[in-house]
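What follows is one structure encoded as structure tokens, with my remarks underneath.
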Amino acid sequence: MQEKAEDKSGAPGTTAAMSMLNYQVNKGVDMASSYVGGLSGAFIPVSEDQGMIEAAECGALTIEKLEAMTCVCSVGLDMIAIPGDTPASTISGIIADEAAIGMVNQKTTAVRIIPVIGKTIGDSVEFGGLLGHAPVMPVNRFGCADFIGREGRIPAPIHSFKN
């Protein structure tokens with residue numbers, strides 16, 4: 001019999017759990033006021049939450065899993081430290097993926113990843129104050145330079161077709 005694995009953010013089911021949390025937050029906002037503004041939902045800055053930091057440090061939480069979670073709950077990838085030698089095309093690809101999620105889901109998205117010069121996977125970086133600290137996370141080792149080199153743009157989410 002296999003021993004029960006430790007539960008961590010990033011494990012299978014994390015995206016579903018975040019979706020249910022976000023659903024309840026939005027349901028509460030809808031019930032609380034008829035004059036709701038701004039963004040409501042779970043926001044998951046890696047460097048500002050000890051549970052997220054620990055999950056990233058042990059490899060349970062990856063950039064790809066964080067991206068999947070943004071499909072259902074948050075407004076983007078936030079406060080993620082990556083190796084300083086990450087190619088610009090890879091960073092552009094990460095941003096393009098998040099922009100595509102925003103376009104398809106018709107919501108605002110953003111990317112705040114920080115290439116940390118002189119740091120590599122597994123190192124830690126201290127941002128200070130409320131910004132906390134973060135492990136330097138690995139990025140996908142495969143390239144996307146040809147795709148990014150084609151240029152073009154991902155359109156903004158369309159809201160006017162709902163009327």
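In the structure tokens, chains take letters A, B, ... by order of appearance, with residues numbered from 1 within each chain and ligands from 1 in the order shown.
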Could you name the residues that touch Val104 (chain A) at 10 Å or less, counting only C-alpha atoms, but leaving out those on the same chain fewer than 5 positions away, as number ranges by chain? A: 71, 99, 155-158
Long-range neighbours of Gly59 (chain A) as a VMD selection string, 9 Å cut-off, only C-alpha atoms, 5 positions minimum in chain: chain A and resid 10 54 137
Grab the residues selected above and save them as a CSV table (one decimal), in the first residue's frame with C-alpha atoms.
```csv
chain,number,residue,atom,x,y,z
A,10,GLY,CA,0.3,22.9,-6.6
A,54,GLU,CA,7.1,26.4,0.7
A,137,MET,CA,11.6,29.0,-9.8
```
Tell me which protein, DNA and RNA residues are within 8 Å of Val46 (chain A), counting only C-alpha atoms, leaving out same-chain ones fewer than 4 positions away, and put them as a PyMOL selection string. chain A and resi 52-53+56+78-80+134
Would you write out those residues with C-alpha atoms, as a short mmCIF file (atom, residue, chain, number, x, y, z; two decimals), in the first residue's frame?
```cif
data_model
loop_
_atom_site.label_atom_id
_atom_site.label_comp_id
_atom_site.auth_asym_id
_atom_site.auth_seq_id
_atom_site.Cartn_x
_atom_site.Cartn_y
_atom_site.Cartn_z
CA MET A 52 3.03 29.36 -1.54
CA ILE A 53 6.75 29.90 -0.86
CA ALA A 56 7.42 26.51 -4.71
CA ASP A 78 2.52 37.59 -9.46
CA MET A 79 5.86 38.01 -7.69
CA ILE A 80 7.58 34.99 -9.22
CA ALA A 134 10.74 33.98 -3.01
#
```
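Closest to Lys119 (chain A) among A:Glu64, A:Asp49, A:Asp97, A:Asp85 is A:Asp85, based on only C-alpha atoms.
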Could you please write out, as a PyMOL selection string, every residue of chain A that DSSP assigns to alpha helix (DSSP H)? chain A and resi 14-32+50-57+63-70+88-105+145-149
Just want the 12 Å neighbourhood of Asp123 (chain A), counted on only C-alpha atoms, with same-chain residues fewer than 6 positions away dropped. Output as a list in words. Ala56, Glu57, Ala81, Ile82, Pro83, Gly84, Val116, Ile117, His133, Ala134, Pro135, Val136, Met137 and Pro138 of chain A
Please dump the current selection as a PDB file, in the first residue's frame; keep N, CA and C atoms.
```pdb
ATOM      1  N   ALA A  56       6.496  26.242  -3.606  1.00  0.00           N
ATOM      2  CA  ALA A  56       7.422  26.511  -4.714  1.00  0.00           C
ATOM      3  C   ALA A  56       8.809  25.950  -4.414  1.00  0.00           C
ATOM      4  N   GLU A  57       9.246  26.078  -3.168  1.00  0.00           N
ATOM      5  CA  GLU A  57      10.576  25.585  -2.786  1.00  0.00           C
ATOM      6  C   GLU A  57      10.710  24.077  -2.961  1.00  0.00           C
ATOM      7  N   ALA A  81       9.957  34.819  -8.860  1.00  0.00           N
ATOM      8  CA  ALA A  81      11.370  35.010  -9.173  1.00  0.00           C
ATOM      9  C   ALA A  81      11.810  33.895 -10.124  1.00  0.00           C
ATOM     10  N   ILE A  82      12.508  34.272 -11.190  1.00  0.00           N
ATOM     11  CA  ILE A  82      13.035  33.304 -12.155  1.00  0.00           C
ATOM     12  C   ILE A  82      14.525  33.578 -12.345  1.00  0.00           C
ATOM     13  N   PRO A  83      15.273  32.594 -12.882  1.00  0.00           N
ATOM     14  CA  PRO A  83      16.712  32.814 -13.081  1.00  0.00           C
ATOM     15  C   PRO A  83      16.990  34.050 -13.936  1.00  0.00           C
ATOM     16  N   GLY A  84      18.039  34.769 -13.584  1.00  0.00           N
ATOM     17  CA  GLY A  84      18.398  35.995 -14.287  1.00  0.00           C
ATOM     18  C   GLY A  84      18.807  35.784 -15.726  1.00  0.00           C
ATOM     19  N   VAL A 116      16.035  37.410 -11.747  1.00  0.00           N
ATOM     20  CA  VAL A 116      16.959  37.840 -10.708  1.00  0.00           C
ATOM     21  C   VAL A 116      18.391  37.577 -11.187  1.00  0.00           C
ATOM     22  N   ILE A 117      19.065  38.652 -11.564  1.00  0.00           N
ATOM     23  CA  ILE A 117      20.427  38.550 -12.083  1.00  0.00           C
ATOM     24  C   ILE A 117      21.336  37.896 -11.046  1.00  0.00           C
ATOM     25  N   HIS A 133       9.807  37.265   0.362  1.00  0.00           N
ATOM     26  CA  HIS A 133      10.934  36.613  -0.302  1.00  0.00           C
ATOM     27  C   HIS A 133      10.394  35.474  -1.166  1.00  0.00           C
ATOM     28  N   ALA A 134      11.206  35.028  -2.103  1.00  0.00           N
ATOM     29  CA  ALA A 134      10.745  33.975  -3.007  1.00  0.00           C
ATOM     30  C   ALA A 134      11.902  33.099  -3.449  1.00  0.00           C
ATOM     31  N   PRO A 135      11.594  31.823  -3.665  1.00  0.00           N
ATOM     32  CA  PRO A 135      12.599  30.958  -4.279  1.00  0.00           C
ATOM     33  C   PRO A 135      12.667  31.264  -5.768  1.00  0.00           C
ATOM     34  N   VAL A 136      13.834  31.102  -6.354  1.00  0.00           N
ATOM     35  CA  VAL A 136      13.965  31.267  -7.803  1.00  0.00           C
ATOM     36  C   VAL A 136      13.415  29.993  -8.431  1.00  0.00           C
ATOM     37  N   MET A 137      12.347  30.143  -9.209  1.00  0.00           N
ATOM     38  CA  MET A 137      11.633  28.997  -9.778  1.00  0.00           C
ATOM     39  C   MET A 137      12.134  28.667 -11.177  1.00  0.00           C
ATOM     40  N   PRO A 138      12.108  27.397 -11.534  1.00  0.00           N
ATOM     41  CA  PRO A 138      12.520  27.032 -12.893  1.00  0.00           C
ATOM     42  C   PRO A 138      11.476  27.455 -13.915  1.00  0.00           C
TER      43      PRO A 138
END
```
Got a sec to tell me which of region 47-96 of chain A DSSP assigns to strand (DSSP E), as a list of chain:residue names? A:Gly76, A:Leu77, A:Asp78, A:Met79, A:Ile80, A:Ala81, A:Ile82, A:Pro83
Atomic separation - CA of Arg153 (chain A) relative to CA of Gly76 (chain A), Å: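 A separation of 18.1 Å between them.
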Report, in Å with one decimal, the straight-line distance from CA of Gly122 (chain A) to CA of Ser47 (chain A). 13.9 Å
Would you kindly return, as a PDB file with N, CA and C atoms, in the first residue's frame, each protein, DNA or RNA residue with an atom no farther than 10 Å from any atom of Arg141 (chain A), considering only C-alpha atoms and excluding same-chain residues fewer than 3 positions away?
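Produced file part-v9.pdb, reproduced below:
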```pdb
ATOM      1  N   THR A  86      17.266  33.855 -17.869  1.00  0.00           N
ATOM      2  CA  THR A  86      16.125  33.403 -18.657  1.00  0.00           C
ATOM      3  C   THR A  86      16.041  34.236 -19.936  1.00  0.00           C
ATOM      4  N   THR A  90      11.561  33.634 -23.751  1.00  0.00           N
ATOM      5  CA  THR A  90      10.828  32.787 -22.797  1.00  0.00           C
ATOM      6  C   THR A  90       9.927  33.649 -21.925  1.00  0.00           C
ATOM      7  N   PRO A 138      12.108  27.397 -11.534  1.00  0.00           N
ATOM      8  CA  PRO A 138      12.520  27.032 -12.893  1.00  0.00           C
ATOM      9  C   PRO A 138      11.476  27.455 -13.915  1.00  0.00           C
ATOM     10  N   CYS A 144      10.755  29.314 -27.262  1.00  0.00           N
ATOM     11  CA  CYS A 144       9.626  29.774 -28.070  1.00  0.00           C
ATOM     12  C   CYS A 144      10.041  30.974 -28.922  1.00  0.00           C
TER      13      CYS A 144
END
```
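Going from CA of Ile148 (chain A) over to CA of Leu77 (chain A), you cover 19.2 Å.
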Spatial neighbours of Lys107 (chain A), max dist 8 Å, only C-alpha atoms, sep filter under 3 positions, as number ranges by chain: A: 75, 102-103, 157
Those residues with N, CA, C and O atoms, as a PDB file, in the first residue's frame please?
```
ATOM      1  N   VAL A  75      -5.758  37.213 -11.114  1.00  0.00           N
ATOM      2  CA  VAL A  75      -5.571  38.161 -12.208  1.00  0.00           C
ATOM      3  C   VAL A  75      -4.212  38.019 -12.873  1.00  0.00           C
ATOM      4  O   VAL A  75      -3.842  38.849 -13.683  1.00  0.00           O
ATOM      5  N   GLY A 102      -6.353  35.728 -20.497  1.00  0.00           N
ATOM      6  CA  GLY A 102      -7.232  36.883 -20.297  1.00  0.00           C
ATOM      7  C   GLY A 102      -8.189  37.076 -21.453  1.00  0.00           C
ATOM      8  O   GLY A 102      -9.377  37.347 -21.249  1.00  0.00           O
ATOM      9  N   MET A 103      -7.695  36.912 -22.679  1.00  0.00           N
ATOM     10  CA  MET A 103      -8.547  37.087 -23.857  1.00  0.00           C
ATOM     11  C   MET A 103      -9.661  36.042 -23.871  1.00  0.00           C
ATOM     12  O   MET A 103     -10.832  36.374 -24.029  1.00  0.00           O
ATOM     13  N   PRO A 157      -9.519  41.380 -24.280  1.00  0.00           N
ATOM     14  CA  PRO A 157     -10.818  40.705 -24.145  1.00  0.00           C
ATOM     15  C   PRO A 157     -11.934  41.571 -24.706  1.00  0.00           C
ATOM     16  O   PRO A 157     -11.929  42.795 -24.565  1.00  0.00           O
TER      17      PRO A 157
END
```
Who sits within 8 Å of Ala11 (chain A), only C-alpha atoms, same chain under 3 positions skipped, as a PyMOL selection string: chain A and resi 7-8+14+60-61
For Ser9 (chain A), which of A:Pro45, A:Gly51, A:Gly143, A:Gly118 is the closest residue, counting only C-alpha atoms?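 Going through A:Pro45, A:Gly51, A:Gly143, A:Gly118 one by one, the smallest distance to Ser9 (chain A) is for A:Gly51.
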